[in-house]
$ cat final_31.json   # JSON, C-alpha atoms
[["chain", "number", "residue", "atom", "x", "y", "z"],
["A", 1384, "MET", "CA", -59.31, -74.57, -20.96],
["A", 1385, "GLN", "CA", -59.50, -71.06, -19.52],
["A", 1386, "PRO", "CA", -59.53, -70.71, -15.72],
["A", 1387, "HIS", "CA", -62.96, -69.11, -15.70],
["A", 1388, "CYS", "CA", -64.37, -72.07, -17.65],
["A", 1389, "TYR", "CA", -62.84, -74.48, -15.14],
["A", 1390, "ASP", "CA", -64.45, -72.54, -12.28],
["A", 1391, "ALA", "CA", -67.80, -72.82, -14.02],
["A", 1392, "VAL", "CA", -67.82, -76.60, -14.16],
["A", 1393, "VAL", "CA", -66.20, -77.45, -10.79],
["A", 1394, "PRO", "CA", -68.50, -76.81, -7.81],
["A", 1395, "ARG", "CA", -67.11, -74.64, -5.05],
["A", 1396, "THR", "CA", -66.41, -76.30, -1.72],
["A", 1397, "VAL", "CA", -69.09, -75.35, 0.79],
["A", 1398, "ASP", "CA", -67.78, -74.34, 4.18],
["A", 1399, "HIS", "CA", -70.48, -75.96, 6.30],
["A", 1400, "ASP", "CA", -69.24, -74.50, 9.58],
["A", 1401, "THR", "CA", -69.36, -71.01, 8.10],
["A", 1402, "ARG", "CA", -72.87, -71.58, 6.74],
["A", 1403, "ARG", "CA", -74.11, -72.85, 10.10],
["A", 1404, "SER", "CA", -72.53, -69.85, 11.82],
["A", 1405, "GLU", "CA", -74.23, -67.46, 9.39],
["A", 1406, "ILE", "CA", -77.57, -69.09, 10.11],
["A", 1407, "ALA", "CA", -76.89, -68.88, 13.86],
["A", 1408, "ASP", "CA", -76.14, -65.18, 13.49],
["A", 1409, "ALA", "CA", -79.51, -64.74, 11.79],
["A", 1410, "VAL", "CA", -81.16, -66.46, 14.77],
["A", 1411, "LEU", "CA", -79.38, -64.15, 17.19],
["A", 1412, "ALA", "CA", -80.43, -61.10, 15.17],
["A", 1413, "LEU", "CA", -84.08, -62.21, 15.36],
["A", 1414, "VAL", "CA", -83.83, -62.90, 19.09],
["A", 1415, "ALA", "CA", -82.28, -59.47, 19.66],
["A", 1416, "ARG", "CA", -85.15, -57.72, 17.87],
["A", 1417, "ALA", "CA", -88.19, -59.76, 18.83],
["A", 1418, "GLY", "CA", -87.29, -62.56, 21.25],
["A", 1419, "THR", "CA", -87.19, -66.30, 20.75],
["A", 1420, "GLU", "CA", -90.86, -66.36, 19.67],
["A", 1421, "ALA", "CA", -89.78, -64.76, 16.40],
["A", 1422, "VAL", "CA", -87.52, -67.69, 15.52],
["A", 1423, "SER", "CA", -88.81, -70.20, 12.97],
["A", 1424, "LEU", "CA", -87.27, -71.98, 10.00],
["A", 1425, "ARG", "CA", -89.04, -69.53, 7.71],
["A", 1426, "SER", "CA", -88.08, -66.35, 9.59],
["A", 1427, "VAL", "CA", -84.46, -67.45, 9.92],
["A", 1428, "ALA", "CA", -84.29, -68.19, 6.19],
["A", 1429, "ALA", "CA", -85.60, -64.71, 5.42],
["A", 1430, "GLU", "CA", -83.17, -63.09, 7.88],
["A", 1431, "ALA", "CA", -80.20, -65.00, 6.45],
["A", 1432, "GLY", "CA", -81.27, -64.37, 2.85],
["A", 1433, "ILE", "CA", -81.35, -68.06, 1.95],
["A", 1434, "SER", "CA", -84.00, -70.61, 1.15],
["A", 1435, "MET", "CA", -85.96, -72.39, 3.85],
["A", 1436, "GLY", "CA", -84.69, -75.66, 2.41],
["A", 1437, "ARG", "CA", -81.13, -74.55, 3.01],
["A", 1438, "VAL", "CA", -81.93, -73.85, 6.66],
["A", 1439, "GLN", "CA", -83.60, -77.26, 6.99],
["A", 1440, "HIS", "CA", -80.51, -78.87, 5.46],
["A", 1441, "TYR", "CA", -78.54, -77.77, 8.53],
["A", 1442, "PHE", "CA", -81.22, -77.59, 11.23],
["A", 1443, "ALA", "CA", -84.29, -79.79, 11.46],
["A", 1444, "SER", "CA", -86.19, -77.76, 14.05],
["A", 1445, "LYS", "CA", -86.50, -74.48, 15.91],
["A", 1446, "ASP", "CA", -84.91, -76.09, 18.96],
["A", 1447, "ALA", "CA", -81.89, -77.09, 16.90],
["A", 1448, "LEU", "CA", -81.58, -73.53, 15.60],
["A", 1449, "LEU", "CA", -81.81, -72.04, 19.08],
["A", 1450, "LEU", "CA", -79.35, -74.49, 20.60],
["A", 1451, "HIS", "CA", -76.74, -73.84, 17.93],
["A", 1452, "ALA", "CA", -77.18, -70.09, 18.31],
["A", 1453, "LEU", "CA", -76.89, -70.45, 22.09],
["A", 1454, "ASP", "CA", -73.71, -72.48, 21.73],
["A", 1455, "ARG", "CA", -72.26, -69.90, 19.32],
["A", 1456, "SER", "CA", -73.09, -67.01, 21.63],
["A", 1457, "HIS", "CA", -71.53, -68.88, 24.56],
["A", 1458, "ARG", "CA", -68.32, -69.41, 22.56],
["A", 1459, "ARG", "CA", -68.22, -65.73, 21.72],
["A", 1460, "MET", "CA", -68.79, -64.86, 25.37],
["A", 1461, "GLU", "CA", -65.81, -67.03, 26.29],
["A", 1462, "GLN", "CA", -63.69, -65.21, 23.71],
["A", 1463, "ARG", "CA", -64.73, -61.82, 25.12],
["A", 1464, "ILE", "CA", -63.91, -62.96, 28.65],
["A", 1465, "GLU", "CA", -60.47, -64.18, 27.54],
["A", 1466, "GLN", "CA", -59.75, -60.92, 25.71],
["A", 1467, "ARG", "CA", -60.85, -58.80, 28.67],
["A", 1468, "ALA", "CA", -58.95, -60.98, 31.14],
["A", 1469, "ARG", "CA", -55.71, -60.44, 29.22],
["A", 1470, "SER", "CA", -55.99, -56.68, 29.75],
["A", 1471, "GLY", "CA", -57.09, -56.87, 33.38],
["A", 1472, "PRO", "CA", -55.53, -58.00, 36.66],
["A", 1473, "ASP", "CA", -53.84, -61.39, 36.36],
["A", 1474, "THR", "CA", -55.62, -62.80, 39.41],
["A", 1475, "GLU", "CA", -58.44, -65.23, 40.06],
["A", 1476, "ARG", "CA", -60.48, -62.37, 41.50],
["A", 1477, "GLY", "CA", -59.95, -60.37, 38.32],
["A", 1478, "ALA", "CA", -61.03, -63.32, 36.21],
["A", 1479, "LEU", "CA", -64.15, -63.82, 38.35],
["A", 1480, "ALA", "CA", -65.07, -60.13, 38.11],
["A", 1481, "THR", "CA", -64.84, -60.32, 34.31],
["A", 1482, "ILE", "CA", -66.96, -63.47, 34.10],
["A", 1483, "LEU", "CA", -69.63, -62.11, 36.43],
["A", 1484, "ASP", "CA", -69.78, -58.89, 34.44],
["A", 1485, "GLU", "CA", -70.45, -60.87, 31.26],
["A", 1486, "LEU", "CA", -73.17, -62.90, 32.99],
["A", 1487, "ILE", "CA", -75.28, -59.83, 33.70],
["A", 1488, "GLY", "CA", -75.91, -59.35, 30.00],
["A", 1489, "ALA", "CA", -74.27, -55.97, 29.46],
["A", 1490, "HIS", "CA", -73.09, -57.12, 26.02],
["A", 1491, "PRO", "CA", -75.87, -57.55, 23.41],
["A", 1492, "GLU", "CA", -74.83, -61.12, 22.55],
["A", 1493, "SER", "CA", -74.81, -62.04, 26.22],
["A", 1494, "ARG", "CA", -78.37, -60.73, 26.52],
["A", 1495, "ASP", "CA", -79.37, -62.87, 23.52],
["A", 1496, "ALA", "CA", -77.81, -65.94, 25.12],
["A", 1497, "ILE", "CA", -79.75, -65.29, 28.33],
["A", 1498, "ARG", "CA", -83.02, -64.95, 26.37],
["A", 1499, "ILE", "CA", -82.42, -68.24, 24.55],
["A", 1500, "HIS", "CA", -81.43, -69.92, 27.81],
["A", 1501, "ALA", "CA", -84.69, -68.75, 29.38],
["A", 1502, "ALA", "CA", -86.67, -70.21, 26.47],
["A", 1503, "PHE", "CA", -85.41, -73.67, 27.42],
["A", 1504, "ALA", "CA", -85.45, -73.24, 31.19],
["A", 1505, "ALA", "CA", -89.17, -73.89, 31.67],
["A", 1506, "ARG", "CA", -89.34, -77.16, 29.74],
["A", 1507, "GLU", "CA", -87.73, -80.56, 29.57],
["A", 1508, "VAL", "CA", -84.54, -80.66, 27.51],
["A", 1509, "ASP", "CA", -82.38, -83.51, 26.24],
["A", 1510, "GLU", "CA", -78.83, -84.24, 27.35],
["A", 1511, "ARG", "CA", -77.25, -82.28, 24.52],
["A", 1512, "ALA", "CA", -79.27, -79.20, 25.37],
["A", 1513, "ARG", "CA", -78.54, -79.58, 29.07],
["A", 1514, "ALA", "CA", -74.80, -79.81, 28.34],
["A", 1515, "ILE", "CA", -74.90, -76.53, 26.44],
["A", 1516, "LEU", "CA", -77.09, -74.79, 29.00],
["A", 1517, "THR", "CA", -74.82, -75.75, 31.91],
["A", 1518, "ASP", "CA", -71.47, -75.55, 30.13],
["A", 1519, "GLY", "CA", -68.86, -74.04, 32.43],
["A", 1520, "ASP", "CA", -71.14, -73.62, 35.44],
["A", 1521, "GLU", "CA", -69.14, -75.86, 37.77],
["A", 1522, "GLU", "CA", -65.85, -74.24, 36.78],
["A", 1523, "ILE", "CA", -67.20, -70.74, 37.44],
["A", 1524, "LEU", "CA", -68.68, -71.82, 40.76],
["A", 1525, "GLY", "CA", -65.36, -73.36, 41.77],
["A", 1526, "LEU", "CA", -63.59, -70.12, 40.90],
["A", 1527, "ALA", "CA", -66.08, -68.05, 42.93],
["A", 1528, "VAL", "CA", -65.69, -70.34, 45.94],
["A", 1529, "ARG", "CA", -61.88, -70.08, 45.79],
["A", 1530, "VAL", "CA", -61.96, -66.29, 45.51],
["A", 1531, "VAL", "CA", -64.23, -65.74, 48.51],
["A", 1532, "ALA", "CA", -62.38, -68.41, 50.50],
["A", 1533, "ASP", "CA", -59.07, -66.63, 49.86],
["A", 1534, "ALA", "CA", -60.72, -63.42, 51.06],
["A", 1535, "GLY", "CA", -61.56, -65.08, 54.39],
["A", 1536, "SER", "CA", -65.22, -66.03, 53.96],
["A", 1537, "PRO", "CA", -66.36, -68.43, 56.70],
["A", 1538, "THR", "CA", -68.89, -69.95, 54.26],
["A", 1539, "PRO", "CA", -67.19, -69.89, 50.84],
["A", 1540, "GLU", "CA", -69.47, -72.46, 49.21],
["A", 1541, "ASP", "CA", -72.56, -70.45, 50.10],
["A", 1542, "ASP", "CA", -71.03, -67.09, 49.29],
["A", 1543, "GLY", "CA", -69.62, -68.29, 45.97],
["A", 1544, "TYR", "CA", -72.99, -69.68, 45.01],
["A", 1545, "ALA", "CA", -74.69, -66.46, 46.11],
["A", 1546, "LEU", "CA", -72.47, -64.45, 43.74],
["A", 1547, "LEU", "CA", -73.41, -66.63, 40.78],
["A", 1548, "ALA", "CA", -77.09, -66.59, 41.73],
["A", 1549, "LEU", "CA", -76.99, -62.80, 41.96],
["A", 1550, "ALA", "CA", -75.30, -62.54, 38.55],
["A", 1551, "GLY", "CA", -77.91, -64.87, 37.06],
["A", 1552, "GLY", "CA", -80.81, -62.93, 38.53],
["A", 1553, "LEU", "CA", -79.41, -59.59, 37.43],
["A", 1554, "GLY", "CA", -78.72, -60.99, 33.97],
["A", 1555, "SER", "CA", -82.32, -62.12, 33.63],
["A", 1556, "ASP", "CA", -83.54, -58.73, 34.84],
["A", 1557, "VAL", "CA", -81.43, -56.98, 32.20],
["A", 1558, "ALA", "CA", -82.10, -59.37, 29.31],
["A", 1559, "LEU", "CA", -85.75, -60.20, 29.91],
["A", 1560, "HIS", "CA", -87.11, -57.11, 31.63],
["A", 1561, "GLY", "CA", -84.97, -54.29, 30.29],
["A", 1562, "ALA", "CA", -83.37, -53.31, 33.58],
["A", 1563, "PRO", "CA", -80.39, -50.95, 33.23],
["A", 1564, "ALA", "CA", -77.20, -52.93, 32.71],
["A", 1565, "GLU", "CA", -75.08, -50.30, 34.48],
["A", 1566, "ARG", "CA", -77.17, -50.57, 37.63],
["A", 1567, "ALA", "CA", -76.82, -54.35, 37.58],
["A", 1568, "ARG", "CA", -73.08, -53.95, 37.07],
["A", 1569, "ARG", "CA", -72.80, -51.64, 40.11],
["A", 1570, "VAL", "CA", -74.81, -53.98, 42.34],
["A", 1571, "LEU", "CA", -72.75, -57.02, 41.34],
["A", 1572, "ALA", "CA", -69.43, -55.19, 41.72],
["A", 1573, "ALA", "CA", -70.46, -54.00, 45.19],
["A", 1574, "MET", "CA", -71.36, -57.53, 46.29],
["A", 1575, "LEU", "CA", -68.08, -58.91, 44.99],
["A", 1576, "GLU", "CA", -66.20, -56.16, 46.84],
["A", 1577, "ARG", "CA", -68.10, -57.02, 50.03],
["A", 1578, "LEU", "CA", -67.30, -60.73, 49.80],
["A", 1579, "ALA", "CA", -63.80, -60.42, 48.33],
["A", 1580, "PRO", "CA", -62.40, -56.90, 48.89],
["A", 1581, "THR", "CA", -59.81, -55.61, 46.45],
["A", 1582, "ARG", "CA", -56.35, -55.96, 47.92]]
$ encode --input "final_31.json" --output "structure tokens"
Amino acid sequence: MQPHCYDAVVPRTVDHDTRRSEIADAVLALVARAGTEAVSLRSVAAEAGISMGRVQHYFASKDALLLHALDRSHRRMEQRIEQRARSGPDTERGALATILDELIGAHPESRDAIRIHAAFAAREVDERARAILTDGDEEILGLAVRVVADAGSPTPEDDGYALLALAGGLGSDVALHGAPAERARRVLAAMLERLAPTR
């Protein structure tokens, strides 16, 4: 039997993780153009160039689509932070500065993640959704508290929290209201310098 005949009768192995990632990328593309309101099983199928049934095979609802896209964008954000951290100062302050910069939504995928996050923020979510939405928050807060404490802050818990709250507010302003990312970046960098001056 010729190889091409064998290929014709043996089904190819489907890489389910890759397929789910491709669908998630279609969700993120829709969110980037028109917000979370544009996401539906039908619109995602059209964006991904596959059948609606194929989308439903992997995701039963709009919420499931959005959560998977959010998780994927968070993973990519973590990868960007790790890559940037490797080329920056090898200090906890340097790591915090990189993380905070990502949180303001200067990168398009970070803005998409913030938009999806906001879509869930005003309603009740299940434990799985909550885990994704709060993933890493305590670790980042702990890092912020250590950095400002090392810089001599008399109230490191409050100041560390204030930094994260500022980053979150600026990120929402950029992602949801179109505020200039560079202005948000300057404001956040100035606050970090005030609370933890560069040595």
$ closest_residue --input "final_31.json" --among "A:Leu1424, A:Ala1496, A:Leu1578, A:Val1570" --to "Thr1538 in chain A" --atoms "only C-alpha atoms"
A:Leu1578
$ closest_atom_pairs --input "final_31.json" --of "range 1459-1502 of chain A" --to "range 1510-1519 of chain A" --cutoff "12 Å" --atoms "only C-alpha atoms" --output "Markdown table"
| residue | atom | partner | partner_atom | distance |
| --- | --- | --- | --- | --- |
| A:Met1460 | CA | A:Gly1519 | CA | 11.6 |
| A:Glu1461 | CA | A:Gly1519 | CA | 9.8 |
| A:Ile1482 | CA | A:Gly1519 | CA | 10.9 |
| A:Leu1486 | CA | A:Gly1519 | CA | 12.0 |
| A:Ala1496 | CA | A:Leu1516 | CA | 9.7 |
| A:Ile1497 | CA | A:Leu1516 | CA | 9.9 |
| A:Arg1498 | CA | A:Leu1516 | CA | 11.8 |
| A:Ile1499 | CA | A:Leu1516 | CA | 9.5 |
| A:His1500 | CA | A:Leu1516 | CA | 6.6 |
| A:Ala1501 | CA | A:Leu1516 | CA | 9.7 |
| A:Ala1502 | CA | A:Leu1516 | CA | 10.9 |
$ atom_distance --input "final_31.json" --atom1 "CA of Gly1525 in chain A" --atom2 "CA of Gln1466 in chain A"
21.1 Å
$ closest_residue --input "final_31.json" --among "A:Gly1436, A:Gly1477, A:Pro1580, A:Pro1491" --to "Leu1411 in chain A" --atoms "only C-alpha atoms"
A:Pro1491
$ residues_around --input "final_31.json" --residues "Ala1545 in chain A" --least-positions-apart "4" --cutoff "10 Å" --atoms "only C-alpha atoms" --output "compact mmCIF listing (two decimals) with C-alpha atoms, keeping the file's coordinate frame"
# COMPACT_ATOMS: atom_id res chain seq x y z
CA LEU A 1524 -68.68 -71.82 40.76
CA ALA A 1527 -66.08 -68.05 42.93
CA VAL A 1528 -65.69 -70.34 45.94
CA PRO A 1539 -67.19 -69.89 50.84
CA GLU A 1540 -69.47 -72.46 49.21
CA ASP A 1541 -72.56 -70.45 50.10
CA LEU A 1549 -76.99 -62.80 41.96
CA ALA A 1550 -75.30 -62.54 38.55
CA GLY A 1551 -77.91 -64.87 37.06
CA MET A 1574 -71.36 -57.53 46.29
$ closest_residue --input "final_31.json" --among "A:Arg1467, A:Arg1582, A:Arg1568, A:Arg1459" --to "Ala1489 in chain A" --atoms "all atoms listed in the file"
A:Arg1568
$ atom_distance --input "final_31.json" --atom1 "CA of Thr1401 in chain A" --atom2 "CA of Ile1487 in chain A"
28.6 Å
$ residues_around --input "final_31.json" --residues "Asp1542 in chain A" --least-positions-apart "6" --cutoff "10 Å" --atoms "all atoms listed in the file" --output "list in words"
Ala1527, Val1528, Val1530, Val1531, Ala1532, Ser1536, Ala1548, Leu1575, Leu1578 and Ala1579 of chain A
$ residues_around --input "final_31.json" --residues "Ser1444 in chain A" --least-positions-apart "5" --cutoff "9 Å" --atoms "only C-alpha atoms" --output "ChimeraX atom specification"
/A:1423-1424,1439,1449
$ closest_residue --input "final_31.json" --among "A:Ala1478, A:Leu1546, A:Ala1428, A:Val1508" --to "Asp1408 in chain A" --atoms "all atoms listed in the file"
A:Ala1428
